[in-house]
$ cat upload.cif   # mmCIF, C-alpha atoms
data_my_file
#
loop_
_atom_site.label_atom_id
_atom_site.label_comp_id
_atom_site.auth_asym_id
_atom_site.auth_seq_id
_atom_site.Cartn_x
_atom_site.Cartn_y
_atom_site.Cartn_z
CA MET A 1 -11.47 -20.25 -5.17
CA LYS A 2 -12.22 -16.57 -5.62
CA ILE A 3 -12.69 -14.58 -2.40
CA THR A 4 -13.79 -10.97 -1.98
CA ALA A 5 -14.19 -8.76 1.08
CA SER A 6 -15.81 -5.42 1.81
CA ILE A 7 -15.05 -2.70 4.34
CA VAL A 8 -17.26 0.32 4.98
CA THR A 9 -15.48 3.34 6.45
CA TYR A 10 -16.49 6.61 8.03
CA ASN A 11 -13.74 8.65 9.70
CA ASN A 12 -11.65 5.58 10.50
CA SER A 13 -8.23 7.14 9.90
CA GLU A 14 -6.85 5.72 13.16
CA THR A 15 -7.43 2.08 12.21
CA ILE A 16 -8.01 1.64 8.46
CA LYS A 17 -4.35 1.54 7.39
CA LYS A 18 -3.45 -1.34 9.70
CA CYS A 19 -6.65 -3.14 8.77
CA VAL A 20 -6.01 -3.01 5.03
CA GLU A 21 -2.30 -3.79 5.31
CA SER A 22 -2.96 -6.86 7.43
CA LEU A 23 -5.62 -8.20 5.06
CA LEU A 24 -3.43 -7.73 2.00
CA ALA A 25 -0.39 -9.25 3.71
CA GLU A 26 -2.18 -12.36 4.97
CA THR A 27 -3.99 -13.07 1.68
CA ASP A 28 -1.03 -12.43 -0.61
CA LYS A 29 0.15 -15.39 -2.73
CA ARG A 30 -2.26 -17.87 -1.22
CA GLY A 31 -4.05 -20.67 -3.00
CA TYR A 32 -6.96 -18.44 -3.93
CA THR A 33 -7.70 -15.09 -5.55
CA PHE A 34 -8.49 -12.26 -3.15
CA ARG A 35 -9.97 -8.86 -3.93
CA LEU A 36 -10.71 -6.17 -1.34
CA TYR A 37 -13.38 -3.49 -1.82
CA ILE A 38 -13.81 -0.41 0.39
CA TYR A 39 -16.82 1.90 0.46
CA ASP A 40 -16.10 5.25 2.12
CA ASN A 41 -19.20 6.96 3.52
CA ALA A 42 -18.01 10.52 2.78
CA SER A 43 -15.43 10.64 5.56
CA THR A 44 -14.51 14.13 6.75
CA ASP A 45 -11.12 13.22 8.23
CA VAL A 46 -8.03 11.96 6.35
CA THR A 47 -9.50 8.49 5.69
CA PRO A 48 -9.95 9.19 1.94
CA GLU A 49 -6.29 10.23 1.64
CA ILE A 50 -5.19 7.01 3.35
CA LEU A 51 -7.41 4.93 1.09
CA GLY A 52 -5.91 6.65 -1.92
CA THR A 53 -2.55 5.05 -1.15
CA PHE A 54 -4.10 1.59 -1.64
CA GLU A 55 -5.92 2.20 -4.91
CA ASP A 56 -3.40 0.14 -6.90
CA ARG A 57 -4.35 -2.95 -4.85
CA VAL A 58 -7.86 -2.19 -3.53
CA ARG A 59 -11.07 -1.09 -5.22
CA VAL A 60 -12.20 2.04 -3.39
CA ILE A 61 -15.67 3.59 -3.82
CA TYR A 62 -16.11 7.12 -2.50
CA GLY A 63 -19.69 7.86 -1.48
CA LYS A 64 -21.04 11.40 -1.60
CA GLU A 65 -22.89 11.08 1.71
CA ASN A 66 -23.04 8.78 4.71
CA LYS A 67 -25.76 6.25 3.92
CA GLY A 68 -24.87 3.80 6.66
CA PHE A 69 -23.08 0.54 7.31
CA GLY A 70 -25.48 -1.79 5.52
CA TYR A 71 -25.86 0.41 2.44
CA GLY A 72 -22.12 0.43 1.78
CA HIS A 73 -21.73 -3.33 2.13
CA ASN A 74 -24.83 -4.02 0.03
CA TYR A 75 -23.48 -1.76 -2.71
CA ILE A 76 -20.43 -4.00 -2.96
CA ILE A 77 -22.17 -7.34 -2.39
CA ARG A 78 -24.50 -6.70 -5.33
CA ARG A 79 -21.54 -6.13 -7.66
CA VAL A 80 -18.90 -8.70 -6.67
CA ARG A 81 -18.39 -12.00 -8.48
CA SER A 82 -16.77 -14.48 -6.14
CA ASP A 83 -17.25 -17.79 -4.36
CA VAL A 84 -17.00 -16.41 -0.81
CA HIS A 85 -17.38 -12.88 0.51
CA PHE A 86 -16.32 -11.40 3.86
CA VAL A 87 -17.72 -8.38 5.68
CA ILE A 88 -15.00 -6.71 7.75
CA ASN A 89 -14.93 -3.68 10.04
CA PRO A 90 -12.25 -1.00 9.51
CA ASP A 91 -11.02 -1.53 13.08
CA ILE A 92 -10.17 -5.21 12.51
CA TYR A 93 -6.72 -6.61 11.80
CA ILE A 94 -5.43 -10.14 11.38
CA GLU A 95 -2.10 -11.89 11.90
CA GLN A 96 -2.84 -15.17 10.11
CA ASP A 97 -4.69 -16.34 7.01
CA ILE A 98 -8.05 -16.75 8.66
CA ILE A 99 -9.88 -15.79 5.47
CA GLY A 100 -8.72 -18.82 3.50
CA GLU A 101 -9.48 -21.24 6.32
CA MET A 102 -12.99 -19.94 6.95
CA ALA A 103 -13.72 -19.85 3.22
CA SER A 104 -12.72 -23.51 2.96
CA TYR A 105 -15.07 -24.36 5.82
CA LEU A 106 -17.93 -22.65 4.00
CA GLU A 107 -17.18 -24.53 0.80
CA GLU A 108 -17.15 -27.85 2.66
CA ASN A 109 -20.26 -27.17 4.78
CA LYS A 110 -23.10 -26.07 2.54
CA ASP A 111 -25.54 -25.95 5.47
CA THR A 112 -23.59 -23.03 6.96
CA GLY A 113 -24.93 -19.60 6.06
CA LEU A 114 -22.51 -17.40 8.03
CA ILE A 115 -19.18 -18.00 9.75
CA THR A 116 -17.36 -15.77 12.22
CA PRO A 117 -13.98 -16.20 13.94
CA LYS A 118 -12.88 -15.73 17.52
CA ILE A 119 -12.70 -11.96 18.14
CA LEU A 120 -9.95 -10.65 20.41
CA ASN A 121 -9.17 -7.32 22.00
CA THR A 122 -5.86 -5.80 20.96
CA ASP A 123 -4.27 -7.10 24.17
CA GLY A 124 -5.15 -10.66 23.21
CA THR A 125 -8.04 -11.11 25.63
CA MET A 126 -11.38 -12.44 24.44
CA GLN A 127 -13.89 -9.85 23.31
CA ALA A 128 -17.39 -10.44 24.70
CA ILE A 129 -19.21 -10.67 21.38
CA PRO A 130 -22.88 -11.74 21.67
CA LYS A 131 -23.75 -15.28 20.63
CA TYR A 132 -27.53 -14.95 21.09
CA GLY A 133 -29.93 -12.61 19.34
CA PRO A 134 -31.02 -9.35 21.03
CA SER A 135 -33.59 -9.37 23.81
CA ILE A 136 -34.70 -6.89 26.47
CA LYS A 137 -32.65 -8.77 29.05
CA PHE A 138 -29.50 -9.00 26.98
CA SER A 139 -29.62 -5.57 25.31
CA PHE A 140 -30.55 -3.45 28.31
CA ILE A 141 -30.39 -5.20 31.69
CA GLY A 142 -27.05 -6.83 30.86
CA ASN A 143 -25.43 -3.41 30.63
CA LEU A 144 -26.53 -2.28 34.08
CA PRO A 145 -24.21 -2.40 37.12
CA GLY A 146 -24.47 -5.71 38.94
CA PHE A 147 -25.81 -7.61 35.94
CA LYS A 148 -22.58 -8.54 34.18
CA TRP A 149 -23.56 -12.20 34.52
CA ILE A 150 -26.27 -11.54 31.95
CA ARG A 151 -23.70 -10.10 29.55
CA ARG A 152 -21.52 -13.17 30.10
CA LYS A 153 -24.45 -15.39 29.24
CA TYR A 154 -25.16 -13.23 26.17
CA SER A 155 -21.60 -13.82 24.93
CA ARG A 156 -21.51 -17.43 26.23
CA SER A 157 -18.22 -16.49 27.92
CA ASP A 158 -18.50 -19.22 30.55
CA GLU A 159 -18.98 -22.02 28.00
CA ASN A 160 -16.27 -24.12 26.39
CA LEU A 161 -16.47 -23.04 22.74
CA ASP A 162 -13.20 -24.56 21.53
CA THR A 163 -14.69 -26.25 18.44
CA PRO A 164 -16.96 -24.90 15.68
CA THR A 165 -20.26 -24.16 17.39
CA GLU A 166 -23.71 -23.12 16.20
CA ILE A 167 -24.72 -19.69 17.49
CA GLU A 168 -27.73 -17.40 17.04
CA PHE A 169 -25.96 -14.13 16.31
CA CYS A 170 -23.16 -13.34 13.86
CA THR A 171 -21.26 -10.14 14.56
CA GLY A 172 -21.03 -7.63 11.75
CA CYS A 173 -17.42 -6.80 12.62
CA PHE A 174 -16.11 -9.90 10.78
CA PHE A 175 -17.96 -12.71 9.04
CA GLY A 176 -17.97 -14.67 5.84
CA ALA A 177 -20.61 -16.25 3.62
CA ARG A 178 -20.88 -17.79 0.19
CA THR A 179 -21.39 -14.85 -2.12
CA ASP A 180 -24.38 -16.33 -3.93
CA TYR A 181 -26.05 -16.90 -0.57
CA LEU A 182 -25.50 -13.29 0.54
CA LYS A 183 -27.07 -12.20 -2.72
CA LYS A 184 -29.98 -14.60 -2.18
CA VAL A 185 -30.85 -13.11 1.23
CA LYS A 186 -30.17 -9.60 -0.20
CA GLY A 187 -27.47 -8.74 2.30
CA PHE A 188 -28.35 -6.28 5.04
CA SER A 189 -31.90 -5.01 5.43
CA PRO A 190 -32.11 -1.35 4.33
CA GLU A 191 -34.23 -0.08 7.24
CA TYR A 192 -31.16 0.04 9.51
CA PHE A 193 -28.68 2.91 9.25
CA ILE A 194 -26.38 1.49 11.92
CA TYR A 195 -26.80 -1.09 14.71
CA CYS A 196 -28.81 -4.34 14.60
CA GLU A 197 -28.30 -4.94 10.88
CA ASP A 198 -26.11 -7.93 11.78
CA SER A 199 -28.78 -9.21 14.21
CA ASP A 200 -31.38 -8.88 11.46
CA LEU A 201 -29.18 -10.73 8.94
CA SER A 202 -28.61 -13.48 11.50
CA ARG A 203 -32.35 -13.94 11.92
CA LYS A 204 -32.86 -14.08 8.16
CA VAL A 205 -30.22 -16.79 7.84
CA LEU A 206 -31.65 -18.88 10.69
CA ALA A 207 -35.17 -18.47 9.30
CA ASP A 208 -33.85 -19.79 6.00
CA GLY A 209 -32.70 -22.98 7.71
CA LYS A 210 -28.97 -22.27 7.56
CA LYS A 211 -26.46 -22.43 10.40
CA ILE A 212 -24.35 -19.64 11.87
CA ILE A 213 -20.98 -21.02 12.93
CA TYR A 214 -18.59 -19.59 15.49
CA TYR A 215 -15.19 -20.81 14.29
CA PRO A 216 -12.65 -20.56 17.16
CA TYR A 217 -9.70 -22.14 15.36
CA VAL A 218 -8.73 -18.72 13.97
CA ASP A 219 -8.93 -15.23 15.44
CA ALA A 220 -9.06 -11.57 14.48
CA TYR A 221 -8.20 -8.49 16.53
CA HIS A 222 -10.89 -5.85 17.00
CA ASN A 223 -9.57 -2.42 17.94
CA TRP A 224 -12.95 -1.38 19.27
CA GLY A 225 -12.37 2.02 20.79
CA ARG A 226 -15.40 4.11 19.86
CA ASP A 227 -18.68 3.14 21.48
CA ASN A 228 -21.03 5.59 19.80
CA THR A 229 -23.90 4.56 22.07
CA ARG A 230 -22.25 6.58 24.85
CA HIS A 231 -23.22 9.73 22.98
CA LEU A 232 -26.84 10.88 22.72
CA ARG A 233 -27.00 10.71 18.93
CA GLY A 234 -25.51 7.21 18.85
CA PHE A 235 -27.72 6.02 21.70
CA ILE A 236 -30.85 7.26 19.91
CA ARG A 237 -29.79 5.44 16.75
CA PHE A 238 -29.19 2.29 18.78
CA ILE A 239 -32.63 2.44 20.40
CA ARG A 240 -34.27 3.17 17.04
CA SER A 241 -32.59 0.15 15.47
CA LEU A 242 -33.59 -2.09 18.38
CA ILE A 243 -37.22 -1.00 18.03
CA ILE A 244 -37.11 -1.77 14.31
CA TYR A 245 -35.60 -5.17 15.06
CA PHE A 246 -38.09 -6.09 17.82
CA ASN A 247 -41.07 -4.89 15.77
CA LYS A 248 -39.88 -7.06 12.90
CA TRP A 249 -38.87 -10.22 14.78
CA GLY A 250 -40.91 -9.98 17.99
CA TRP A 251 -40.35 -8.48 21.41
CA LYS A 252 -38.46 -10.96 23.57
CA PHE A 253 -37.57 -10.49 27.22
#
$ encode --input "upload.cif" --output "structure tokens"
Amino acid sequence: MKITASIVTYNNSETIKKCVESLLAETDKRGYTFRLYIYDNASTDVTPEILGTFEDRVRVIYGKENKGFGYGHNYIIRRVRSDVHFVINPDIYIEQDIIGEMASYLEENKDTGLITPKILNTDGTMQAIPKYGPSIKFSFIGNLPGFKWIRRKYSRSDENLDTPTEIEFCTGCFFGARTDYLKKVKGFSPEYFIYCEDSDLSRKVLADGKKIIYYPYVDAYHNWGRDNTRHLRGFIRFIRSLIIYFNKWGWKF
């Protein structure tokens, strides 16, 4: 089996080294071929210098401007030739061969469009990743004081999800798909610069009759330390993406 993966970076010097090292270490000398691709969105910090140290083992593409999360991944998805492809955030790291196991699941379950692992905080606690698609209730009210129960429902935190489970939303921080299927659905929709492109992809996959599987037998660590929605520019981008998403898929309370 041939497996590829893509990472899109923008000023991720604090996390990218550990991310890449962990992926290369856990996929080395396995029963498959692994190739990692990185698209740098014109980082202005030392990220390009760090990436340069991996160029003997990783294919690095240096963009001339920041064209967004989806653009970078689509650039790679269109060009790779593999059986299974993974989309991975630069603030992810792994401590086991979760890539091979999830790829095998995809090969054995052709009705699965996307697969995502258990996502943990760096202290080992569960990260509250959504399992349902966006709605007014989940995206806004769930973030208000006193409404954490809505967020828990959004992430299905109170449910027993100890076996592979169908979900409605696949996080963009780490997921896998058969490469030919990602090409078929044309990857991420280009109208999103950042935020909601994973929600949009999830809806496309479900509309196509495929399953999205939460696979809790393996886990990845997500060093999620920069919530850009706390800043005005990031919040505006978030709202803009939500409006695009709701206009496209329907406004749901």
$ residues_around --input "upload.cif" --residues "A:Ile115" --least-positions-apart "2" --cutoff "10 Å" --atoms "only C-alpha atoms" --output "ChimeraX atom specification"
/A:86,102-103,105-106,112-113,117,164-167,170-171,174-178,211-215
$ residues_around --input "upload.cif" --residues "A:Glu197" --least-positions-apart "4" --cutoff "8 Å" --atoms "all atoms listed in the file" --output "list of chain:residue names"
A:Gly70, A:Gly172, A:Phe188, A:Ser189, A:Tyr192, A:Leu201
$ atom_distance --input "upload.cif" --atom1 "atom CA of A:Leu36" --atom2 "atom CA of A:Gly187"
17.3 Å
$ residues_around --input "upload.cif" --residues "A:Asn121" --least-positions-apart "3" --cutoff "7 Å" --atoms "all atoms listed in the file" --output "PyMOL selection string"
chain A and resi 124-127+221-223
$ resolve_selection --input "upload.cif" --expression "the PyMOL selection byres ((chain A and resi 97-99) around 9)" --output "mmCIF file with C-alpha atoms, keeping the file's coordinate frame"
data_model
loop_
_atom_site.group_PDB
_atom_site.id
_atom_site.type_symbol
_atom_site.label_atom_id
_atom_site.label_comp_id
_atom_site.auth_asym_id
_atom_site.auth_seq_id
_atom_site.Cartn_x
_atom_site.Cartn_y
_atom_site.Cartn_z
ATOM 1 C CA ILE A 3 -12.690 -14.580 -2.400
ATOM 2 C CA LEU A 23 -5.620 -8.200 5.060
ATOM 3 C CA ALA A 25 -0.390 -9.250 3.710
ATOM 4 C CA GLU A 26 -2.180 -12.360 4.970
ATOM 5 C CA THR A 27 -3.990 -13.070 1.680
ATOM 6 C CA ARG A 30 -2.260 -17.870 -1.220
ATOM 7 C CA PHE A 86 -16.320 -11.400 3.860
ATOM 8 C CA ILE A 94 -5.430 -10.140 11.380
ATOM 9 C CA GLU A 95 -2.100 -11.890 11.900
ATOM 10 C CA GLN A 96 -2.840 -15.170 10.110
ATOM 11 C CA GLY A 100 -8.720 -18.820 3.500
ATOM 12 C CA GLU A 101 -9.480 -21.240 6.320
ATOM 13 C CA MET A 102 -12.990 -19.940 6.950
ATOM 14 C CA ALA A 103 -13.720 -19.850 3.220
ATOM 15 C CA SER A 104 -12.720 -23.510 2.960
ATOM 16 C CA PRO A 117 -13.980 -16.200 13.940
ATOM 17 C CA GLY A 176 -17.970 -14.670 5.840
ATOM 18 C CA TYR A 217 -9.700 -22.140 15.360
ATOM 19 C CA VAL A 218 -8.730 -18.720 13.970
ATOM 20 C CA ASP A 219 -8.930 -15.230 15.440
ATOM 21 C CA ALA A 220 -9.060 -11.570 14.480
#
$ resolve_selection --input "upload.cif" --expression "the PyMOL selection byres ((chain A and resi 75) around 12)" --output "PDB file with C-alpha atoms, in the frame of the given file"
ATOM      1  CA  SER A   6     -15.810  -5.420   1.810  1.00  0.00           C
ATOM      2  CA  ILE A   7     -15.050  -2.700   4.340  1.00  0.00           C
ATOM      3  CA  VAL A   8     -17.260   0.320   4.980  1.00  0.00           C
ATOM      4  CA  TYR A  37     -13.380  -3.490  -1.820  1.00  0.00           C
ATOM      5  CA  ILE A  38     -13.810  -0.410   0.390  1.00  0.00           C
ATOM      6  CA  TYR A  39     -16.820   1.900   0.460  1.00  0.00           C
ATOM      7  CA  ASP A  40     -16.100   5.250   2.120  1.00  0.00           C
ATOM      8  CA  ASN A  41     -19.200   6.960   3.520  1.00  0.00           C
ATOM      9  CA  VAL A  60     -12.200   2.040  -3.390  1.00  0.00           C
ATOM     10  CA  ILE A  61     -15.670   3.590  -3.820  1.00  0.00           C
ATOM     11  CA  TYR A  62     -16.110   7.120  -2.500  1.00  0.00           C
ATOM     12  CA  GLY A  63     -19.690   7.860  -1.480  1.00  0.00           C
ATOM     13  CA  LYS A  67     -25.760   6.250   3.920  1.00  0.00           C
ATOM     14  CA  GLY A  68     -24.870   3.800   6.660  1.00  0.00           C
ATOM     15  CA  PHE A  69     -23.080   0.540   7.310  1.00  0.00           C
ATOM     16  CA  GLY A  70     -25.480  -1.790   5.520  1.00  0.00           C
ATOM     17  CA  TYR A  71     -25.860   0.410   2.440  1.00  0.00           C
ATOM     18  CA  GLY A  72     -22.120   0.430   1.780  1.00  0.00           C
ATOM     19  CA  HIS A  73     -21.730  -3.330   2.130  1.00  0.00           C
ATOM     20  CA  ASN A  74     -24.830  -4.020   0.030  1.00  0.00           C
ATOM     21  CA  ILE A  76     -20.430  -4.000  -2.960  1.00  0.00           C
ATOM     22  CA  ILE A  77     -22.170  -7.340  -2.390  1.00  0.00           C
ATOM     23  CA  ARG A  78     -24.500  -6.700  -5.330  1.00  0.00           C
ATOM     24  CA  ARG A  79     -21.540  -6.130  -7.660  1.00  0.00           C
ATOM     25  CA  VAL A  80     -18.900  -8.700  -6.670  1.00  0.00           C
ATOM     26  CA  LYS A 183     -27.070 -12.200  -2.720  1.00  0.00           C
ATOM     27  CA  LYS A 186     -30.170  -9.600  -0.200  1.00  0.00           C
ATOM     28  CA  GLY A 187     -27.470  -8.740   2.300  1.00  0.00           C
ATOM     29  CA  PHE A 188     -28.350  -6.280   5.040  1.00  0.00           C
ATOM     30  CA  PRO A 190     -32.110  -1.350   4.330  1.00  0.00           C
TER      31      PRO A 190
END
$ atom_distance --input "upload.cif" --atom1 "atom CA of A:Lys131" --atom2 "atom CA of A:Phe147"
17.2 Å
$ residues_around --input "upload.cif" --residues "stretch 133-136 of chain A" --least-positions-apart "6" --cutoff "6 Å" --atoms "only C-alpha atoms" --output "MDAnalysis selection string"
chainID A and resid 168:169 252:253
$ atom_distance --input "upload.cif" --atom1 "atom CA of A:Thr163" --atom2 "atom CA of A:Ile150"
23.1 Å
$ axis_aligned_box --input "upload.cif" --around "stretch 174-186 of chain A" --padding-each-side "3 Å" --output "JSON"
{"center_x": -23.5, "center_y": -13.7, "center_z": 3.4, "size_x": 20.7, "size_y": 14.2, "size_z": 20.7}
$ resolve_selection --input "upload.cif" --expression "the PyMOL selection byres ((chain A and resi 45) around 10)" --output "list in words"
Tyr10, Asn11, Asn12, Ser13, Glu14, Ala42, Ser43, Thr44, Val46, Thr47, Pro48, Glu49 and Ile50 of chain A
$ closest_atom_pairs --input "upload.cif" --of "stretch 131-216 of chain A" --to "stretch 232-247 of chain A" --cutoff "7 Å" --atoms "all atoms listed in the file" --output "Markdown table"
| residue | atom | partner | partner_atom | distance |
| --- | --- | --- | --- | --- |
| A:Tyr192 | CA | A:Ser241 | CA | 6.1 |
| A:Tyr195 | CA | A:Phe238 | CA | 5.8 |
| A:Cys196 | CA | A:Ser241 | CA | 5.9 |
| A:Asp200 | CA | A:Tyr245 | CA | 6.7 |
$ closest_residue --input "upload.cif" --among "A:Ser22, A:Ile194, A:Lys184, A:Leu120" --to "A:Trp224" --atoms "only C-alpha atoms"
A:Leu120
